[in-house]
Every structure is written in structure tokens, then in C-alpha cells.
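What follows is the content of structure-v3.tsv, which has TSV, N, CA and C atoms:
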```tsv
chain	number	residue	atom	x	y	z
A	1	MET	N	-34.14	7.93	-31.03
A	1	MET	CA	-34.21	7.48	-32.40
A	1	MET	C	-33.93	8.67	-33.32
A	2	LYS	N	-33.07	8.45	-34.28
A	2	LYS	CA	-32.76	9.49	-35.28
A	2	LYS	C	-33.50	9.18	-36.58
A	3	ILE	N	-34.07	10.24	-37.14
A	3	ILE	CA	-34.84	10.12	-38.37
A	3	ILE	C	-34.24	11.05	-39.41
A	4	ALA	N	-33.89	10.51	-40.57
A	4	ALA	CA	-33.38	11.31	-41.69
A	4	ALA	C	-34.51	11.53	-42.68
A	5	ILE	N	-34.64	12.77	-43.16
A	5	ILE	CA	-35.70	13.10	-44.10
A	5	ILE	C	-35.10	13.76	-45.33
A	6	ALA	N	-35.41	13.21	-46.50
A	6	ALA	CA	-34.90	13.73	-47.77
A	6	ALA	C	-35.80	14.87	-48.25
A	7	SER	N	-35.23	16.09	-48.27
A	7	SER	CA	-36.02	17.28	-48.60
A	7	SER	C	-35.14	18.34	-49.23
A	8	THR	N	-35.69	19.04	-50.22
A	8	THR	CA	-34.93	20.14	-50.83
A	8	THR	C	-34.96	21.40	-49.99
A	9	ASP	N	-36.03	21.57	-49.21
A	9	ASP	CA	-36.25	22.84	-48.52
A	9	ASP	C	-36.50	22.74	-47.02
A	10	GLY	N	-36.53	21.55	-46.47
A	10	GLY	CA	-36.81	21.39	-45.04
A	10	GLY	C	-38.28	21.54	-44.70
A	11	GLU	N	-39.11	21.71	-45.72
A	11	GLU	CA	-40.55	21.87	-45.50
A	11	GLU	C	-41.36	20.76	-46.15
A	12	ASN	N	-40.79	20.11	-47.16
A	12	ASN	CA	-41.50	19.06	-47.89
A	12	ASN	C	-40.61	17.84	-48.07
A	13	VAL	N	-41.22	16.67	-47.96
A	13	VAL	CA	-40.53	15.43	-48.31
A	13	VAL	C	-40.71	15.28	-49.81
A	14	ASN	N	-39.62	15.51	-50.56
A	14	ASN	CA	-39.76	15.60	-52.01
A	14	ASN	C	-38.55	15.10	-52.79
A	15	LEU	N	-37.72	14.27	-52.16
A	15	LEU	CA	-36.53	13.76	-52.86
A	15	LEU	C	-36.51	12.24	-52.87
A	16	HIS	N	-36.07	11.71	-54.01
A	16	HIS	CA	-35.81	10.28	-54.17
A	16	HIS	C	-34.56	9.95	-53.37
A	17	PHE	N	-34.54	8.81	-52.72
A	17	PHE	CA	-33.41	8.43	-51.87
A	17	PHE	C	-32.07	8.53	-52.61
A	18	GLY	N	-31.99	7.99	-53.81
A	18	GLY	CA	-30.74	7.95	-54.56
A	18	GLY	C	-30.30	9.30	-55.12
A	19	LYS	N	-31.17	10.29	-55.08
A	19	LYS	CA	-30.84	11.63	-55.60
A	19	LYS	C	-30.90	12.69	-54.51
A	20	ALA	N	-30.98	12.26	-53.27
A	20	ALA	CA	-31.12	13.20	-52.15
A	20	ALA	C	-29.82	13.96	-51.91
A	21	LYS	N	-29.85	15.26	-52.15
A	21	LYS	CA	-28.69	16.12	-51.89
A	21	LYS	C	-28.71	16.67	-50.47
A	22	THR	N	-29.91	16.76	-49.90
A	22	THR	CA	-30.04	17.31	-48.55
A	22	THR	C	-30.89	16.39	-47.69
A	23	LEU	N	-30.41	16.19	-46.49
A	23	LEU	CA	-31.10	15.36	-45.51
A	23	LEU	C	-31.26	16.16	-44.22
A	24	TYR	N	-32.46	16.18	-43.70
A	24	TYR	CA	-32.76	16.87	-42.44
A	24	TYR	C	-32.87	15.79	-41.37
A	25	ILE	N	-32.07	15.95	-40.32
A	25	ILE	CA	-31.98	14.93	-39.28
A	25	ILE	C	-32.72	15.40	-38.03
A	26	TYR	N	-33.60	14.54	-37.54
A	26	TYR	CA	-34.39	14.81	-36.34
A	26	TYR	C	-34.11	13.75	-35.30
A	27	GLN	N	-34.24	14.14	-34.05
A	27	GLN	CA	-34.10	13.23	-32.92
A	27	GLN	C	-35.46	13.11	-32.23
A	28	TYR	N	-35.89	11.89	-31.99
A	28	TYR	CA	-37.13	11.65	-31.25
A	28	TYR	C	-36.79	10.86	-30.00
A	29	GLU	N	-37.10	11.45	-28.84
A	29	GLU	CA	-36.86	10.80	-27.55
A	29	GLU	C	-37.89	11.30	-26.56
A	30	TYR	N	-38.42	10.36	-25.79
A	30	TYR	CA	-39.32	10.72	-24.69
A	30	TYR	C	-40.44	11.65	-25.13
A	31	LYS	N	-41.09	11.30	-26.25
A	31	LYS	CA	-42.23	12.05	-26.78
A	31	LYS	C	-41.89	13.46	-27.24
A	32	LYS	N	-40.60	13.71	-27.48
A	32	LYS	CA	-40.18	15.02	-27.97
A	32	LYS	C	-39.36	14.84	-29.25
A	33	THR	N	-39.64	15.70	-30.22
A	33	THR	CA	-38.93	15.69	-31.49
A	33	THR	C	-38.15	16.98	-31.62
A	34	LYS	N	-36.90	16.86	-32.02
A	34	LYS	CA	-36.09	18.07	-32.19
A	34	LYS	C	-35.24	17.96	-33.45
A	35	PHE	N	-35.14	19.08	-34.17
A	35	PHE	CA	-34.29	19.14	-35.35
A	35	PHE	C	-32.84	19.19	-34.91
A	36	LEU	N	-32.00	18.33	-35.50
A	36	LEU	CA	-30.59	18.30	-35.14
A	36	LEU	C	-29.71	19.03	-36.14
A	37	GLU	N	-29.85	18.67	-37.43
A	37	GLU	CA	-28.95	19.25	-38.42
A	37	GLU	C	-29.42	18.97	-39.84
A	38	LYS	N	-28.83	19.71	-40.76
A	38	LYS	CA	-29.02	19.50	-42.19
A	38	LYS	C	-27.72	18.93	-42.73
A	39	ARG	N	-27.80	17.82	-43.45
A	39	ARG	CA	-26.61	17.19	-44.02
A	39	ARG	C	-26.66	17.31	-45.54
A	40	GLU	N	-25.51	17.62	-46.12
A	40	GLU	CA	-25.39	17.75	-47.58
A	40	GLU	C	-24.71	16.50	-48.12
A	41	VAL	N	-25.27	15.94	-49.18
A	41	VAL	CA	-24.72	14.75	-49.84
A	41	VAL	C	-24.15	15.17	-51.18
A	42	GLN	N	-22.95	14.72	-51.48
A	42	GLN	CA	-22.32	15.04	-52.77
A	42	GLN	C	-22.85	14.09	-53.84
A	43	ILE	N	-23.84	14.57	-54.58
A	43	ILE	CA	-24.51	13.78	-55.62
A	43	ILE	C	-24.23	14.41	-56.98
A	44	ASN	N	-23.94	13.57	-57.96
A	44	ASN	CA	-23.80	14.02	-59.34
A	44	ASN	C	-25.16	13.83	-60.01
A	45	PRO	N	-25.85	14.91	-60.37
A	45	PRO	CA	-27.21	14.79	-60.93
A	45	PRO	C	-27.28	14.02	-62.25
A	46	ASN	N	-26.15	13.81	-62.90
A	46	ASN	CA	-26.13	13.10	-64.18
A	46	ASN	C	-25.87	11.59	-64.04
A	47	GLN	N	-25.68	11.12	-62.82
A	47	GLN	CA	-25.40	9.71	-62.60
A	47	GLN	C	-26.58	9.02	-61.93
A	48	LYS	N	-26.71	7.73	-62.19
A	48	LYS	CA	-27.71	6.91	-61.53
A	48	LYS	C	-27.05	6.15	-60.39
A	49	HIS	N	-27.88	5.56	-59.55
A	49	HIS	CA	-27.44	4.65	-58.48
A	49	HIS	C	-26.41	5.28	-57.54
A	50	GLN	N	-26.77	6.39	-56.96
A	50	GLN	CA	-25.89	7.04	-56.00
A	50	GLN	C	-26.39	6.87	-54.56
A	51	TRP	N	-27.23	5.90	-54.36
A	51	TRP	CA	-27.83	5.67	-53.06
A	51	TRP	C	-26.79	5.37	-51.97
A	52	LYS	N	-25.64	4.84	-52.34
A	52	LYS	CA	-24.62	4.52	-51.34
A	52	LYS	C	-24.09	5.78	-50.66
A	53	GLU	N	-23.96	6.86	-51.42
A	53	GLU	CA	-23.51	8.13	-50.83
A	53	GLU	C	-24.52	8.62	-49.79
A	54	THR	N	-25.80	8.52	-50.14
A	54	THR	CA	-26.85	8.93	-49.21
A	54	THR	C	-26.84	8.03	-47.98
A	55	LEU	N	-26.74	6.74	-48.19
A	55	LEU	CA	-26.74	5.79	-47.08
A	55	LEU	C	-25.57	6.04	-46.13
A	56	ASN	N	-24.40	6.36	-46.67
A	56	ASN	CA	-23.24	6.64	-45.82
A	56	ASN	C	-23.46	7.85	-44.92
A	57	MET	N	-24.30	8.77	-45.35
A	57	MET	CA	-24.56	9.99	-44.57
A	57	MET	C	-25.54	9.76	-43.41
A	58	ILE	N	-26.24	8.62	-43.40
A	58	ILE	CA	-27.26	8.40	-42.38
A	58	ILE	C	-27.03	7.10	-41.60
A	59	LYS	N	-25.80	6.66	-41.54
A	59	LYS	CA	-25.49	5.42	-40.83
A	59	LYS	C	-25.88	5.47	-39.35
A	60	ASP	N	-25.93	6.66	-38.78
A	60	ASP	CA	-26.27	6.82	-37.38
A	60	ASP	C	-27.77	6.97	-37.15
A	61	CYS	N	-28.56	6.88	-38.21
A	61	CYS	CA	-30.01	7.06	-38.11
A	61	CYS	C	-30.72	5.71	-38.05
A	62	ASN	N	-31.96	5.73	-37.60
A	62	ASN	CA	-32.78	4.53	-37.51
A	62	ASN	C	-33.79	4.42	-38.64
A	63	THR	N	-34.20	5.58	-39.16
A	63	THR	CA	-35.27	5.65	-40.16
A	63	THR	C	-34.92	6.67	-41.22
A	64	ILE	N	-35.29	6.37	-42.47
A	64	ILE	CA	-35.18	7.33	-43.56
A	64	ILE	C	-36.58	7.54	-44.12
A	65	ILE	N	-36.96	8.79	-44.25
A	65	ILE	CA	-38.22	9.15	-44.90
A	65	ILE	C	-37.86	9.87	-46.19
A	66	CYS	N	-38.34	9.33	-47.31
A	66	CYS	CA	-38.05	9.92	-48.61
A	66	CYS	C	-39.25	9.73	-49.52
A	67	GLN	N	-39.24	10.44	-50.63
A	67	GLN	CA	-40.34	10.34	-51.57
A	67	GLN	C	-40.43	8.93	-52.17
A	68	LYS	N	-39.30	8.38	-52.54
A	68	LYS	CA	-39.23	7.07	-53.17
A	68	LYS	C	-37.81	6.54	-53.04
A	69	ALA	N	-37.66	5.24	-53.16
A	69	ALA	CA	-36.34	4.62	-53.20
A	69	ALA	C	-36.37	3.51	-54.26
A	70	GLY	N	-35.29	3.40	-55.01
A	70	GLY	CA	-35.20	2.36	-56.02
A	70	GLY	C	-34.91	1.00	-55.39
A	71	MET	N	-34.95	-0.02	-56.20
A	71	MET	CA	-34.75	-1.38	-55.71
A	71	MET	C	-33.38	-1.56	-55.04
A	72	ASN	N	-32.31	-1.03	-55.64
A	72	ASN	CA	-30.98	-1.16	-55.05
A	72	ASN	C	-30.90	-0.38	-53.74
A	73	GLY	N	-31.45	0.82	-53.72
A	73	GLY	CA	-31.44	1.62	-52.50
A	73	GLY	C	-32.22	0.95	-51.38
A	74	LYS	N	-33.36	0.37	-51.72
A	74	LYS	CA	-34.17	-0.33	-50.71
A	74	LYS	C	-33.38	-1.49	-50.11
A	75	TYR	N	-32.67	-2.22	-50.97
A	75	TYR	CA	-31.86	-3.33	-50.48
A	75	TYR	C	-30.77	-2.83	-49.53
A	76	GLY	N	-30.09	-1.75	-49.92
A	76	GLY	CA	-29.05	-1.17	-49.06
A	76	GLY	C	-29.60	-0.68	-47.73
A	77	ILE	N	-30.75	-0.05	-47.76
A	77	ILE	CA	-31.40	0.44	-46.54
A	77	ILE	C	-31.73	-0.74	-45.63
A	78	GLU	N	-32.29	-1.78	-46.22
A	78	GLU	CA	-32.63	-2.98	-45.45
A	78	GLU	C	-31.39	-3.61	-44.83
A	79	GLN	N	-30.32	-3.74	-45.62
A	79	GLN	CA	-29.08	-4.34	-45.13
A	79	GLN	C	-28.45	-3.51	-44.01
A	80	ALA	N	-28.67	-2.21	-44.05
A	80	ALA	CA	-28.13	-1.31	-43.01
A	80	ALA	C	-29.00	-1.34	-41.75
A	81	GLY	N	-30.14	-2.00	-41.81
A	81	GLY	CA	-31.01	-2.11	-40.64
A	81	GLY	C	-31.87	-0.88	-40.40
A	82	LEU	N	-32.08	-0.07	-41.44
A	82	LEU	CA	-32.89	1.14	-41.30
A	82	LEU	C	-34.34	0.88	-41.71
A	83	ASN	N	-35.24	1.63	-41.12
A	83	ASN	CA	-36.63	1.63	-41.54
A	83	ASN	C	-36.78	2.59	-42.71
A	84	LEU	N	-37.53	2.20	-43.71
A	84	LEU	CA	-37.78	3.05	-44.87
A	84	LEU	C	-39.25	3.44	-44.91
A	85	ILE	N	-39.50	4.74	-44.99
A	85	ILE	CA	-40.84	5.27	-45.14
A	85	ILE	C	-40.86	6.06	-46.44
A	86	GLU	N	-41.71	5.65	-47.38
A	86	GLU	CA	-41.83	6.35	-48.66
A	86	GLU	C	-43.12	7.17	-48.64
A	87	GLU	N	-42.96	8.47	-48.57
A	87	GLU	CA	-44.08	9.42	-48.54
A	87	GLU	C	-43.63	10.69	-49.22
A	88	SER	N	-44.58	11.48	-49.64
A	88	SER	CA	-44.26	12.82	-50.14
A	88	SER	C	-45.33	13.76	-49.63
A	89	GLY	N	-44.91	15.00	-49.36
A	89	GLY	CA	-45.82	16.00	-48.84
A	89	GLY	C	-45.15	16.83	-47.77
A	90	PRO	N	-45.94	17.53	-46.95
A	90	PRO	CA	-45.38	18.40	-45.92
A	90	PRO	C	-44.55	17.62	-44.89
A	91	LEU	N	-43.32	18.03	-44.70
A	91	LEU	CA	-42.39	17.33	-43.83
A	91	LEU	C	-42.93	17.19	-42.41
A	92	THR	N	-43.40	18.26	-41.82
A	92	THR	CA	-43.87	18.21	-40.43
A	92	THR	C	-45.03	17.24	-40.27
A	93	GLU	N	-45.95	17.26	-41.21
A	93	GLU	CA	-47.10	16.36	-41.16
A	93	GLU	C	-46.67	14.90	-41.26
A	94	ILE	N	-45.77	14.59	-42.19
A	94	ILE	CA	-45.29	13.22	-42.37
A	94	ILE	C	-44.50	12.77	-41.15
A	95	LEU	N	-43.64	13.62	-40.63
A	95	LEU	CA	-42.85	13.28	-39.44
A	95	LEU	C	-43.77	13.01	-38.25
A	96	ASN	N	-44.74	13.88	-38.02
A	96	ASN	CA	-45.68	13.69	-36.90
A	96	ASN	C	-46.49	12.41	-37.06
A	97	ASN	N	-46.95	12.12	-38.28
A	97	ASN	CA	-47.70	10.88	-38.52
A	97	ASN	C	-46.84	9.65	-38.27
A	98	TYR	N	-45.58	9.70	-38.70
A	98	TYR	CA	-44.68	8.57	-38.46
A	98	TYR	C	-44.48	8.36	-36.95
A	99	ILE	N	-44.28	9.43	-36.23
A	99	ILE	CA	-44.06	9.31	-34.78
A	99	ILE	C	-45.31	8.78	-34.08
A	100	LYS	N	-46.49	9.24	-34.48
A	100	LYS	CA	-47.74	8.71	-33.90
A	100	LYS	C	-47.83	7.20	-34.15
A	101	HIS	N	-47.53	6.80	-35.37
A	101	HIS	CA	-47.57	5.38	-35.72
A	101	HIS	C	-46.52	4.61	-34.91
A	102	TYR	N	-45.33	5.15	-34.80
A	102	TYR	CA	-44.26	4.51	-34.03
A	102	TYR	C	-44.68	4.32	-32.58
A	103	GLU	N	-45.25	5.36	-31.97
A	103	GLU	CA	-45.70	5.28	-30.58
A	103	GLU	C	-46.80	4.23	-30.42
A	104	PHE	N	-47.77	4.23	-31.35
A	104	PHE	CA	-48.85	3.27	-31.30
A	104	PHE	C	-48.34	1.84	-31.40
A	105	MET	N	-47.44	1.60	-32.35
A	105	MET	CA	-46.92	0.25	-32.56
A	105	MET	C	-46.01	-0.22	-31.43
A	106	ASN	N	-45.49	0.72	-30.65
A	106	ASN	CA	-44.60	0.35	-29.55
A	106	ASN	C	-45.27	0.44	-28.19
A	107	THR	N	-46.58	0.59	-28.17
A	107	THR	CA	-47.33	0.59	-26.93
A	107	THR	C	-47.71	-0.87	-26.61
A	108	PRO	N	-47.37	-1.31	-25.41
A	108	PRO	CA	-47.70	-2.71	-25.06
A	108	PRO	C	-49.23	-2.93	-25.10
A	109	LEU	N	-49.60	-4.11	-25.58
A	109	LEU	CA	-51.01	-4.48	-25.61
A	109	LEU	C	-51.50	-4.75	-24.20
A	110	LYS	N	-52.73	-4.35	-23.93
A	110	LYS	CA	-53.34	-4.62	-22.62
A	110	LYS	C	-54.43	-5.66	-22.80
A	111	PHE	N	-54.35	-6.71	-22.00
A	111	PHE	CA	-55.34	-7.78	-22.08
A	111	PHE	C	-56.18	-7.79	-20.84
```

Target format C-alpha cells, applied to this file:
Amino acid sequence: MKIAIASTDGENVNLHFGKAKTLYIYQYEYKKTKFLEKREVQINPNQKHQWKETLNMIKDCNTIICQKAGMNGKYGIEQAGLNLIEESGPLTEILNNYIKHYEFMNTPLKF
């Protein structure tokens, strides 16, 4: 599973989806998480509704973690089949919490 995280510095989740200039891409497989790459998005800071540029950069991802996403961006994310997590704070903490939740929700129930 690939996870895209909107961050200015790679340490904090602190960017709105539609204004995300930098995305940090992580791979999660077999209980291991690894940083893959930093992607740059060409965003004009004076324009609104640039979520399509961000979405085009993460088509190969399964999840986007960002501070916030607008209504149009949320619709685009949903249509692309991506999971949206809206959080802000320390990147590592948020990523680890998401993975713990993902593992818990994907553990078969025992009766």
C-alpha cells in the first residue's frame, strides 16, 4: 500500500490537499513502512481549486494524509478510489497511528 502525505518539511502533516506543493510517499508492506520519495507539485499559490494537480501526482497511491481537503478535492479523491485521512501534527506519529488502525481494521474477527 502506498501512502501520500502532504507536508512542507517531511516532519509534519501541515498542508491542505489543494495547496500541497510537496508530497512524501511511503510504502507499507508486511508490517514494514519505508519512505520512497518526495514529489513536487506545480501549484500556483494565487489560484484556488488546484486539487487536480495534486491528485494526478498520487494516482499510484492508496491513501492521502493531509491537513484538510475541500469539498471538490474530497470528491476527486473519492472518485479516484483513494482513502482520505485529514489530520495535522507530527508526520511519523500520524503515519504510525494510521497503520495501526489499518492493521486493526484488516485483522479477521475471531469467534

Local residues around (-35.6, 13.5, -31.6), at most 12 Å away, using only C-alpha atoms, as a list in words: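 Those within range, by chain then number, are Met1, Lys2, Ile3, Ala4, Tyr24, Ile25, Tyr26, Gln27, Tyr28, Glu29, Tyr30, Lys31, Lys32, Thr33, Lys34, Phe35, Leu36, Glu37, Cys61, Asn62, Thr63, Leu95, Asn96 and Ile99 of chain A.
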
Contacts of stretch 49-57 of chain A at 6 Å (only N, CA and C atoms; same-chain gap of 2+ positions) as a list in words: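 Answer for this query is Phe17, Gly18, Lys19, Gln47, Lys59, Asp60 and Gly73 of chain A.
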
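For stretch 21-69 of chain A, the set of residues given strand (DSSP E) by DSSP on the backbone reads Thr22, Leu23, Tyr24, Ile25, Tyr26, Gln27, Tyr28, Glu29, Lys32, Thr33, Lys34, Phe35, Leu36, Glu37, Lys38, Arg39, Glu40, Thr63, Ile64, Ile65 and Cys66 of chain A.
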
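Atom pair atom CA of A:Arg39 / atom CA of A:Phe104 has a distance of 29.2 Å (rounded to one decimal).
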
Long-range neighbours of A:Thr22 as a PyMOL selection string, 8 Å cut-off, all atoms listed in the file, 5 positions minimum in chain: chain A and resi 4-10+15+38-43

For A:Asn44, the nearest of the candidates A:Leu91, A:Met71, A:Ala20, A:Ile85, counting only C-alpha atoms: A:Ala20

Helix (DSSP H, G or I) call set, DSSP backbone run, stretch 36-105 of chain A, as a ChimeraX atom specification: /A:51-57,71-79,91-105

Near-A:Leu84 list (8 Å; only C-alpha atoms; drop same-chain fewer than 6 positions) as a PyMOL selection string: chain A and resi 63-66+74+77-78

Output N, CA and C atoms for every residue in that selection, as a CSV table (one decimal), in the frame of the given file.
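Final output, result-v6.csv:
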```
chain,number,residue,atom,x,y,z
A,63,THR,N,-34.2,5.6,-39.2
A,63,THR,CA,-35.3,5.6,-40.2
A,63,THR,C,-34.9,6.7,-41.2
A,64,ILE,N,-35.3,6.4,-42.5
A,64,ILE,CA,-35.2,7.3,-43.6
A,64,ILE,C,-36.6,7.5,-44.1
A,65,ILE,N,-37.0,8.8,-44.2
A,65,ILE,CA,-38.2,9.2,-44.9
A,65,ILE,C,-37.9,9.9,-46.2
A,66,CYS,N,-38.3,9.3,-47.3
A,66,CYS,CA,-38.0,9.9,-48.6
A,66,CYS,C,-39.2,9.7,-49.5
A,74,LYS,N,-33.4,0.4,-51.7
A,74,LYS,CA,-34.2,-0.3,-50.7
A,74,LYS,C,-33.4,-1.5,-50.1
A,77,ILE,N,-30.8,0.0,-47.8
A,77,ILE,CA,-31.4,0.4,-46.5
A,77,ILE,C,-31.7,-0.7,-45.6
A,78,GLU,N,-32.3,-1.8,-46.2
A,78,GLU,CA,-32.6,-3.0,-45.4
A,78,GLU,C,-31.4,-3.6,-44.8
```

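In this model, the gap between atom C of A:Asn12 and atom CA of A:Thr92 comes to 8.3 Å.
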